[in-house]
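Raw final.txt, compact mmCIF, C-alpha atoms:
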```txt
# COMPACT_ATOMS: atom_id res chain seq x y z
CA MET A 1 -26.74 1.51 19.46
CA GLU A 2 -25.22 0.47 16.15
CA ARG A 3 -23.11 3.11 14.48
CA PRO A 4 -24.61 4.18 11.12
CA HIS A 5 -22.47 4.19 8.03
CA ARG A 6 -21.58 7.77 7.15
CA ASN A 7 -19.38 8.87 4.33
CA PHE A 8 -17.15 11.78 5.22
CA TYR A 9 -16.04 14.15 2.48
CA GLY A 10 -13.37 16.77 2.88
CA ARG A 11 -10.04 17.04 4.63
CA ARG A 12 -9.26 15.95 8.16
CA LYS A 13 -5.73 17.38 8.15
CA GLY A 14 -3.76 19.65 5.85
CA GLN A 15 -0.22 20.93 5.96
CA HIS A 16 2.16 20.11 8.78
CA LEU A 17 1.14 21.61 12.10
CA LYS A 18 3.42 24.02 13.90
CA ASP A 19 5.00 22.84 17.14
CA SER A 20 2.85 25.32 19.04
CA GLN A 21 -0.31 23.95 17.41
CA GLU A 22 0.66 20.39 18.27
CA ARG A 23 1.09 21.58 21.85
CA TYR A 24 -2.34 23.24 21.89
CA LEU A 25 -3.94 20.00 20.71
CA ALA A 26 -2.08 17.94 23.31
CA GLU A 27 -2.60 20.29 26.23
CA ASP A 28 -5.96 22.00 25.64
CA LEU A 29 -8.29 20.00 23.43
CA GLU A 30 -9.39 17.33 25.91
CA ALA A 31 -10.28 19.91 28.56
CA LEU A 32 -12.36 21.85 26.02
CA SER A 33 -14.34 18.82 24.85
CA PRO A 34 -18.13 19.19 25.21
CA GLY A 35 -18.27 15.64 26.57
CA PRO A 36 -18.42 12.03 25.36
CA VAL A 37 -19.28 12.49 21.69
CA ASP A 38 -17.27 9.92 19.76
CA TRP A 39 -18.75 6.48 19.30
CA ASP A 40 -15.86 4.65 20.95
CA VAL A 41 -16.43 6.52 24.24
CA ASN A 42 -20.23 6.90 23.98
CA PRO A 43 -21.59 3.91 22.05
CA ASP A 44 -25.05 4.27 23.59
CA ARG A 45 -25.22 7.92 22.44
CA ALA A 46 -26.09 9.25 25.88
CA PRO A 47 -27.10 12.92 25.55
CA LEU A 48 -24.65 15.61 26.63
CA ASP A 49 -25.49 17.35 29.89
CA LEU A 50 -25.40 20.92 28.59
CA SER A 51 -26.78 22.37 31.83
CA ALA A 52 -23.83 20.98 33.75
CA LEU A 53 -21.43 21.98 30.99
CA PHE A 54 -22.48 25.62 30.76
CA GLY A 55 -24.23 26.25 34.07
CA GLY A 56 -27.72 26.52 32.62
CA ARG A 57 -26.85 29.23 30.10
CA ASP A 58 -28.23 29.30 26.57
CA VAL A 59 -26.12 27.23 24.22
CA TRP A 60 -25.14 28.20 20.67
CA LEU A 61 -23.54 26.05 17.98
CA GLU A 62 -21.22 26.88 15.11
CA VAL A 63 -20.83 24.13 12.51
CA GLY A 64 -17.54 24.26 10.63
CA PHE A 65 -15.78 27.17 12.33
CA GLY A 66 -12.77 27.25 9.99
CA GLY A 67 -10.03 29.21 11.75
CA GLY A 68 -12.34 30.19 14.60
CA GLU A 69 -12.37 33.98 14.16
CA HIS A 70 -16.15 34.32 14.35
CA LEU A 71 -16.41 31.79 17.17
CA ILE A 72 -13.94 33.68 19.35
CA HIS A 73 -15.70 36.97 18.60
CA GLN A 74 -19.09 35.62 19.62
CA ALA A 75 -17.71 34.02 22.78
CA ALA A 76 -16.02 37.27 23.83
CA GLN A 77 -19.11 39.38 23.07
CA ASN A 78 -21.53 36.96 24.77
CA PRO A 79 -19.97 35.70 28.01
CA ASP A 80 -23.43 34.80 29.31
CA VAL A 81 -23.81 32.17 26.56
CA GLY A 82 -22.12 28.80 26.12
CA ILE A 83 -20.91 28.03 22.59
CA ILE A 84 -19.91 24.74 20.98
CA GLY A 85 -17.76 24.82 17.87
CA CYS A 86 -17.64 21.78 15.59
CA GLU A 87 -14.88 21.37 13.00
CA PRO A 88 -13.40 18.16 11.55
CA TYR A 89 -10.34 19.87 10.01
CA ILE A 90 -7.69 19.51 12.70
CA ASN A 91 -5.59 22.42 11.43
CA GLY A 92 -8.54 24.74 12.02
CA VAL A 93 -9.05 23.24 15.47
CA ALA A 94 -5.41 23.93 16.34
CA MET A 95 -5.76 27.52 15.12
CA LEU A 96 -8.83 28.00 17.30
CA LEU A 97 -7.09 26.62 20.38
CA GLY A 98 -4.34 29.20 19.97
CA LYS A 99 -6.94 31.95 19.68
CA ILE A 100 -8.72 30.71 22.81
CA ARG A 101 -5.48 30.96 24.77
CA LYS A 102 -4.88 34.48 23.51
CA ALA A 103 -8.45 35.71 24.05
CA GLY A 104 -8.92 34.02 27.41
CA VAL A 105 -12.56 33.14 26.75
CA GLU A 106 -13.99 30.44 28.98
CA ASN A 107 -17.43 29.80 27.49
CA LEU A 108 -16.33 27.71 24.50
CA ARG A 109 -16.22 23.96 23.92
CA VAL A 110 -14.69 22.34 20.86
CA TYR A 111 -15.60 19.14 19.04
CA PRO A 112 -13.01 18.13 16.40
CA GLY A 113 -15.18 15.87 14.31
CA ASP A 114 -18.21 15.27 12.13
CA ALA A 115 -21.22 17.41 13.07
CA ARG A 116 -23.51 14.42 12.55
CA ASP A 117 -21.87 12.61 15.47
CA LEU A 118 -22.34 15.69 17.64
CA PHE A 119 -26.01 15.93 16.62
CA ASP A 120 -26.47 12.35 17.86
CA VAL A 121 -25.76 13.42 21.43
CA LEU A 122 -27.21 16.93 21.56
CA PRO A 123 -30.41 16.87 23.62
CA GLU A 124 -33.59 17.64 21.75
CA ALA A 125 -34.50 21.36 21.63
CA SER A 126 -31.30 22.36 23.46
CA ILE A 127 -29.60 24.84 21.09
CA ALA A 128 -30.71 28.48 21.04
CA LYS A 129 -28.77 29.65 17.97
CA ALA A 130 -26.74 28.00 15.20
CA PHE A 131 -24.27 29.28 12.62
CA LEU A 132 -23.20 27.83 9.26
CA LEU A 133 -20.66 30.26 7.84
CA TYR A 134 -19.00 29.83 4.45
CA PRO A 135 -19.46 26.05 4.35
CA ASP A 136 -17.64 23.93 1.79
CA PRO A 137 -19.48 24.81 -1.45
CA TRP A 138 -18.97 21.49 -3.26
CA PRO A 139 -19.43 23.34 -6.57
CA LYS A 140 -19.83 20.34 -8.89
CA LYS A 141 -23.48 19.38 -9.37
CA ARG A 142 -22.83 15.73 -8.63
CA HIS A 143 -21.41 16.76 -5.24
CA HIS A 144 -24.33 18.94 -4.11
CA ARG A 145 -25.61 16.09 -1.95
CA ARG A 146 -22.46 16.52 0.15
CA ARG A 147 -23.43 20.03 1.18
CA PHE A 148 -24.58 20.71 4.71
CA VAL A 149 -27.94 22.05 3.54
CA THR A 150 -29.34 18.58 2.87
CA PRO A 151 -31.81 16.54 4.94
CA GLU A 152 -29.02 14.37 6.37
CA HIS A 153 -27.72 17.38 8.29
CA LEU A 154 -30.75 19.64 8.55
CA GLU A 155 -33.11 17.10 10.10
CA PRO A 156 -30.90 16.43 13.16
CA LEU A 157 -30.13 20.16 13.38
CA VAL A 158 -33.85 20.94 13.59
CA ARG A 159 -34.25 18.33 16.31
CA ALA A 160 -31.44 19.91 18.36
CA LEU A 161 -32.68 23.50 17.99
CA LYS A 162 -35.20 25.07 20.32
CA PRO A 163 -38.46 26.26 18.71
CA GLY A 164 -37.84 29.85 17.66
CA ALA A 165 -34.05 29.36 17.53
CA GLU A 166 -32.14 31.39 14.96
CA PHE A 167 -30.10 29.71 12.22
CA ARG A 168 -27.65 31.89 10.31
CA VAL A 169 -26.08 30.90 6.98
CA ALA A 170 -23.41 32.95 5.21
CA THR A 171 -22.10 32.04 1.77
CA ASP A 172 -20.69 33.69 -1.34
CA ILE A 173 -21.82 30.93 -3.70
CA PRO A 174 -25.08 31.75 -5.57
CA ASP A 175 -26.01 28.11 -6.08
CA TYR A 176 -25.47 27.44 -2.39
CA VAL A 177 -27.93 30.25 -1.71
CA ARG A 178 -30.42 28.58 -4.05
CA GLN A 179 -30.11 25.20 -2.36
CA THR A 180 -30.25 26.77 1.10
CA LEU A 181 -33.47 28.62 0.30
CA GLU A 182 -34.99 25.40 -1.04
CA GLU A 183 -33.89 22.95 1.64
CA VAL A 184 -33.79 24.92 4.89
CA PRO A 185 -37.47 26.05 4.85
CA ARG A 186 -38.45 22.54 3.81
CA ALA A 187 -36.66 21.20 6.90
CA GLY A 188 -38.71 23.34 9.29
CA PHE A 189 -37.44 26.92 9.19
CA ASP A 190 -38.87 30.29 8.19
CA TRP A 191 -36.66 32.66 6.21
CA LEU A 192 -36.62 36.02 7.97
CA ALA A 193 -36.23 38.33 4.99
CA GLU A 194 -38.48 41.25 4.17
CA ALA A 195 -36.15 43.41 2.07
CA PRO A 196 -32.94 42.92 0.03
CA SER A 197 -30.89 44.41 2.85
CA ASP A 198 -31.87 41.43 4.99
CA TRP A 199 -29.56 39.19 2.98
CA ARG A 200 -27.14 41.74 1.53
CA VAL A 201 -26.08 43.37 4.81
CA ALA A 202 -24.26 41.42 7.50
CA TRP A 203 -25.70 40.93 10.97
CA PRO A 204 -24.90 43.73 13.46
CA ASP A 205 -22.66 41.41 15.50
CA TRP A 206 -20.94 39.90 12.46
CA TYR A 207 -17.19 39.27 12.40
CA SER A 208 -15.80 38.86 8.90
CA THR A 209 -13.84 35.63 8.53
CA ARG A 210 -10.81 34.85 6.40
CA TYR A 211 -13.10 33.02 3.98
CA GLU A 212 -15.23 36.10 3.51
CA GLN A 213 -12.20 38.29 2.98
CA LYS A 214 -10.98 35.90 0.29
CA ALA A 215 -14.40 35.98 -1.38
CA LEU A 216 -14.41 39.77 -1.41
CA ARG A 217 -10.90 39.92 -2.87
CA GLU A 218 -12.00 37.58 -5.65
CA GLY A 219 -15.14 39.58 -6.40
CA ARG A 220 -17.76 37.26 -4.96
CA VAL A 221 -20.76 38.68 -3.13
CA PRO A 222 -21.58 37.48 0.40
CA HIS A 223 -25.14 36.54 1.28
CA TYR A 224 -26.40 36.55 4.87
CA LEU A 225 -29.45 34.35 5.35
CA THR A 226 -31.37 34.27 8.63
CA PHE A 227 -33.89 31.54 9.50
CA ARG A 228 -36.04 30.76 12.52
CA ARG A 229 -36.85 27.24 13.66
CA ARG A 230 -40.62 26.78 13.50
```
As structure tokens, the full file:
Amino acid sequence: MERPHRNFYGRRKGQHLKDSQERYLAEDLEALSPGPVDWDVNPDRAPLDLSALFGGRDVWLEVGFGGGEHLIHQAAQNPDVGIIGCEPYINGVAMLLGKIRKAGVENLRVYPGDARDLFDVLPEASIAKAFLLYPDPWPKKRHHRRRFVTPEHLEPLVRALKPGAEFRVATDIPDYVRQTLEEVPRAGFDWLAEAPSDWRVAWPDWYSTRYEQKALREGRVPHYLTFRRR
């Protein structure tokens, strides 16, 4: 299969990693890989064997896990579920690996790359729940096409999700809410909101991330949007 041309926007690496973080990447990342995702090791885009990976358990996906706080929380609270975290920013990946060591969770796999490459190898209708939490807002209008809530990302996400799967989006950016409510239903989801509390109040199993705490300190209002794959 020929690799499609995909522009990547955003950072791959930030400030210098600590020695401990470099060690986590060297010692832990390969063992926590979900499988052959990258094009150089899986040019035919063979689907991942999620049943073998997680022993037949339901599989969840978090796209862009930041520092991994929410991902660790969900893994610890749901040991009967397998969870894949996808994050291209290597500093965040290193932070997560340290948290995995500390928490001792064993039901997580980590892909340090572009979610679109992961979508290529996720089997159809294989993911039972997905999270998109405080994604890069790309605030300038000319950059809105870079946001995750566009057909380029949503169409393969829909393909990977099981019918009836839940898709959660959290953001503190009003215009991101607008675009989400336009594009996500159009892609094949129903918005599960019946009252204002359904988007103003966090989910019962929510774990507030560092990005949310920053938003609250700066006076921005979080929105919690819940969708179901048709």
Pick out the residues sitting within 10 Å of A:Asp58, and hand them over as number ranges by chain; count only C-alpha atoms, and ignore anything fewer than 4 positions along from it in its own chain.
A: 50-51, 54, 80-83, 126-129
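In this comparison, which uses only C-alpha atoms, the residue of A:Gly113, A:Pro79, A:Gly67, A:Pro222 approaching A:Met95 most closely is A:Gly67.
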Identify which of the residues A:Pro196, A:Gly219, A:Gly66, A:Pro47 lies closest to A:Pro112, counting only C-alpha atoms when measuring atom-to-atom distances.
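Checking each candidate against A:Pro112, we get A:Gly66 as the closest.
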Which residue gives the smallest distance to A:Tyr176 among A:Gln77, A:Gln213, A:Thr150, A:Ser197, with only C-alpha atoms counted?
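Closest residue, counting only C-alpha atoms: A:Thr150.
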Here is a test: counting only C-alpha atoms, which residue of A:Gly85, A:Pro123, A:Gly188, A:Pro204 is nearest to A:Trp60?
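With only C-alpha atoms as the atom set, the closest residue is A:Gly85.
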Place a sphere of radius 8 Å on (-32.7, 18.5, 17.0) in the file coordinates and name every protein, DNA or RNA residue with an atom inside or on its surface, counting only C-alpha atoms; give the answer as a PDB file with C-alpha atoms, keeping the file's coordinate frame.
```pdb
ATOM      1  CA  PHE A 119     -26.010  15.930  16.620  1.00  0.00           C
ATOM      2  CA  LEU A 122     -27.210  16.930  21.560  1.00  0.00           C
ATOM      3  CA  PRO A 123     -30.410  16.870  23.620  1.00  0.00           C
ATOM      4  CA  GLU A 124     -33.590  17.640  21.750  1.00  0.00           C
ATOM      5  CA  ALA A 125     -34.500  21.360  21.630  1.00  0.00           C
ATOM      6  CA  SER A 126     -31.300  22.360  23.460  1.00  0.00           C
ATOM      7  CA  GLU A 155     -33.110  17.100  10.100  1.00  0.00           C
ATOM      8  CA  PRO A 156     -30.900  16.430  13.160  1.00  0.00           C
ATOM      9  CA  LEU A 157     -30.130  20.160  13.380  1.00  0.00           C
ATOM     10  CA  VAL A 158     -33.850  20.940  13.590  1.00  0.00           C
ATOM     11  CA  ARG A 159     -34.250  18.330  16.310  1.00  0.00           C
ATOM     12  CA  ALA A 160     -31.440  19.910  18.360  1.00  0.00           C
ATOM     13  CA  LEU A 161     -32.680  23.500  17.990  1.00  0.00           C
ATOM     14  CA  LYS A 162     -35.200  25.070  20.320  1.00  0.00           C
TER      15      LYS A 162
END
```
A:Asp44 surroundings by only C-alpha atoms, 12 Å radius, close-in-sequence under 6 positions cut, as a list in words:
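So the residues in contact are Met1, Glu2, Arg3, Pro36, Val37, Asp38, Asp120 and Val121 of chain A.
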Take the point (-15.7, 17.5, 13.7) in the file's coordinates, draw a sphere of radius 6 Å around it, and report as a PDB file with C-alpha atoms, in the frame of the given file every protein, DNA or RNA residue with an atom inside or on it, counting only C-alpha atoms.
```pdb
ATOM      1  CA  CYS A  86     -17.640  21.780  15.590  1.00  0.00           C
ATOM      2  CA  GLU A  87     -14.880  21.370  13.000  1.00  0.00           C
ATOM      3  CA  PRO A  88     -13.400  18.160  11.550  1.00  0.00           C
ATOM      4  CA  TYR A 111     -15.600  19.140  19.040  1.00  0.00           C
ATOM      5  CA  PRO A 112     -13.010  18.130  16.400  1.00  0.00           C
ATOM      6  CA  GLY A 113     -15.180  15.870  14.310  1.00  0.00           C
ATOM      7  CA  ASP A 114     -18.210  15.270  12.130  1.00  0.00           C
ATOM      8  CA  ALA A 115     -21.220  17.410  13.070  1.00  0.00           C
TER       9      ALA A 115
END
```
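Checking A:Leu17, A:Val149, A:Ala165, A:Val221 one by one against A:Ala187, counting all atoms listed in the file, you find the shortest gap at A:Val149.
Distance annotation: of A:Tyr89, A:Phe131, A:Phe167, A:Trp39, the residue with the minimal separation from A:Trp191 is A:Phe167; atom set is only C-alpha atoms.
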Using all atoms listed in the file, determine which residues lie at most 12 Å from A:Ile72, disregarding the query and same-chain residues fewer than 3 positions distant; provide the list as JSON, numbers by chain.
{"A": [62, 65, 66, 67, 68, 69, 75, 76, 77, 78, 79, 82, 83, 84, 85, 95, 96, 97, 98, 99, 100, 101, 102, 103, 104, 105, 106, 107, 108, 109, 110, 206, 207, 208, 209]}
Atom pair atom CA of A:Ala170 / atom CA of A:Glu212: separation (Å):
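Straight-line distance from atom CA of A:Ala170 to atom CA of A:Glu212 works out to 8.9 Å.
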What's the 7 Å shell around A:Leu132, counting all atoms listed in the file, without same-chain residues fewer than 2 positions away, as a PDB file with C-alpha atoms, in the coordinates of the input?
```pdb
ATOM      1  CA  GLU A  62     -21.220  26.880  15.110  1.00  0.00           C
ATOM      2  CA  VAL A  63     -20.830  24.130  12.510  1.00  0.00           C
ATOM      3  CA  GLY A  64     -17.540  24.260  10.630  1.00  0.00           C
ATOM      4  CA  ALA A 130     -26.740  28.000  15.200  1.00  0.00           C
ATOM      5  CA  TYR A 134     -19.000  29.830   4.450  1.00  0.00           C
ATOM      6  CA  PRO A 135     -19.460  26.050   4.350  1.00  0.00           C
ATOM      7  CA  ARG A 168     -27.650  31.890  10.310  1.00  0.00           C
ATOM      8  CA  VAL A 169     -26.080  30.900   6.980  1.00  0.00           C
ATOM      9  CA  ALA A 170     -23.410  32.950   5.210  1.00  0.00           C
TER      10      ALA A 170
END
```
Can we get stretch 125-166 of chain A of that structure written down with N, CA and C atoms, as a tab-separated table (two decimals), in the first residue's frame?
```tsv
chain	number	residue	atom	x	y	z
A	125	ALA	N	-14.78	-1.42	13.36
A	125	ALA	CA	-15.72	-1.66	14.45
A	125	ALA	C	-15.07	-2.41	15.62
A	126	SER	N	-13.90	-1.94	16.04
A	126	SER	CA	-13.14	-2.63	17.09
A	126	SER	C	-13.04	-1.85	18.39
A	127	ILE	N	-13.35	-0.56	18.38
A	127	ILE	CA	-13.15	0.30	19.55
A	127	ILE	C	-14.49	0.58	20.21
A	128	ALA	N	-14.57	0.36	21.53
A	128	ALA	CA	-15.83	0.50	22.25
A	128	ALA	C	-16.05	1.89	22.83
A	129	LYS	N	-14.99	2.67	22.99
A	129	LYS	CA	-15.12	4.03	23.52
A	129	LYS	C	-13.89	4.83	23.12
A	130	ALA	N	-14.09	6.12	22.82
A	130	ALA	CA	-12.97	6.97	22.42
A	130	ALA	C	-13.06	8.30	23.15
A	131	PHE	N	-11.89	8.88	23.41
A	131	PHE	CA	-11.79	10.15	24.13
A	131	PHE	C	-10.95	11.14	23.31
A	132	LEU	N	-11.42	12.37	23.24
A	132	LEU	CA	-10.65	13.49	22.67
A	132	LEU	C	-10.75	14.62	23.69
A	133	LEU	N	-9.71	14.81	24.47
A	133	LEU	CA	-9.78	15.68	25.64
A	133	LEU	C	-8.82	16.86	25.49
A	134	TYR	N	-9.37	18.04	25.45
A	134	TYR	CA	-8.61	19.28	25.32
A	134	TYR	C	-7.61	19.20	24.15
A	135	PRO	N	-8.14	18.93	22.96
A	135	PRO	CA	-7.26	18.88	21.78
A	135	PRO	C	-6.71	20.25	21.45
A	136	ASP	N	-5.65	20.26	20.67
A	136	ASP	CA	-5.05	21.53	20.22
A	136	ASP	C	-6.14	22.37	19.58
A	137	PRO	N	-6.40	23.58	20.07
A	137	PRO	CA	-7.53	24.37	19.56
A	137	PRO	C	-7.32	25.01	18.21
A	138	TRP	N	-6.06	25.17	17.78
A	138	TRP	CA	-5.80	25.87	16.52
A	138	TRP	C	-6.74	27.06	16.38
A	139	PRO	N	-6.54	28.11	17.19
A	139	PRO	CA	-7.53	29.18	17.29
A	139	PRO	C	-7.72	30.04	16.05
A	140	LYS	N	-6.68	30.18	15.22
A	140	LYS	CA	-6.82	31.03	14.03
A	140	LYS	C	-7.74	30.36	13.01
A	141	LYS	N	-8.62	31.15	12.42
A	141	LYS	CA	-9.62	30.59	11.50
A	141	LYS	C	-8.98	29.82	10.36
A	142	ARG	N	-7.88	30.30	9.85
A	142	ARG	CA	-7.24	29.62	8.72
A	142	ARG	C	-6.65	28.27	9.12
A	143	HIS	N	-6.55	28.01	10.42
A	143	HIS	CA	-6.01	26.75	10.91
A	143	HIS	C	-7.08	25.77	11.37
A	144	HIS	N	-8.35	26.14	11.26
A	144	HIS	CA	-9.40	25.26	11.77
A	144	HIS	C	-9.42	23.91	11.06
A	145	ARG	N	-8.94	23.85	9.85
A	145	ARG	CA	-8.89	22.58	9.12
A	145	ARG	C	-7.87	21.62	9.74
A	146	ARG	N	-7.00	22.13	10.62
A	146	ARG	CA	-6.03	21.27	11.29
A	146	ARG	C	-6.62	20.58	12.52
A	147	ARG	N	-7.77	21.03	12.95
A	147	ARG	CA	-8.37	20.44	14.15
A	147	ARG	C	-8.74	18.98	13.93
A	148	PHE	N	-8.83	18.26	15.04
A	148	PHE	CA	-9.18	16.84	14.93
A	148	PHE	C	-10.60	16.66	14.41
A	149	VAL	N	-11.50	17.56	14.77
A	149	VAL	CA	-12.91	17.39	14.40
A	149	VAL	C	-13.15	17.83	12.96
A	150	THR	N	-12.47	17.17	12.06
A	150	THR	CA	-12.62	17.36	10.62
A	150	THR	C	-12.77	15.98	9.98
A	151	PRO	N	-13.31	15.91	8.77
A	151	PRO	CA	-13.52	14.60	8.14
A	151	PRO	C	-12.27	13.75	8.04
A	152	GLU	N	-11.10	14.36	7.88
A	152	GLU	CA	-9.87	13.59	7.74
A	152	GLU	C	-9.63	12.68	8.94
A	153	HIS	N	-10.04	13.13	10.12
A	153	HIS	CA	-9.87	12.33	11.33
A	153	HIS	C	-11.15	11.60	11.72
A	154	LEU	N	-12.28	12.25	11.55
A	154	LEU	CA	-13.53	11.66	12.03
A	154	LEU	C	-13.97	10.46	11.20
A	155	GLU	N	-13.74	10.50	9.91
A	155	GLU	CA	-14.18	9.37	9.07
A	155	GLU	C	-13.48	8.07	9.46
A	156	PRO	N	-12.13	8.06	9.61
A	156	PRO	CA	-11.50	6.81	10.05
A	156	PRO	C	-11.83	6.46	11.50
A	157	LEU	N	-12.12	7.46	12.34
A	157	LEU	CA	-12.54	7.16	13.70
A	157	LEU	C	-13.87	6.43	13.69
A	158	VAL	N	-14.81	6.90	12.91
A	158	VAL	CA	-16.11	6.24	12.80
A	158	VAL	C	-15.95	4.80	12.34
A	159	ARG	N	-15.09	4.60	11.38
A	159	ARG	CA	-14.86	3.23	10.87
A	159	ARG	C	-14.34	2.32	11.97
A	160	ALA	N	-13.47	2.84	12.85
A	160	ALA	CA	-12.85	2.03	13.88
A	160	ALA	C	-13.78	1.76	15.06
A	161	LEU	N	-14.78	2.64	15.27
A	161	LEU	CA	-15.66	2.50	16.42
A	161	LEU	C	-16.77	1.47	16.17
A	162	LYS	N	-17.12	0.76	17.23
A	162	LYS	CA	-18.26	-0.14	17.15
A	162	LYS	C	-19.55	0.67	17.06
A	163	PRO	N	-20.58	0.17	16.39
A	163	PRO	CA	-21.88	0.84	16.46
A	163	PRO	C	-22.33	0.96	17.91
A	164	GLY	N	-22.78	2.15	18.29
A	164	GLY	CA	-23.18	2.39	19.67
A	164	GLY	C	-22.05	2.82	20.57
A	165	ALA	N	-20.81	2.87	20.06
A	165	ALA	CA	-19.66	3.28	20.88
A	165	ALA	C	-19.80	4.73	21.30
A	166	GLU	N	-19.27	5.04	22.46
A	166	GLU	CA	-19.31	6.41	22.99
A	166	GLU	C	-18.05	7.17	22.59
```
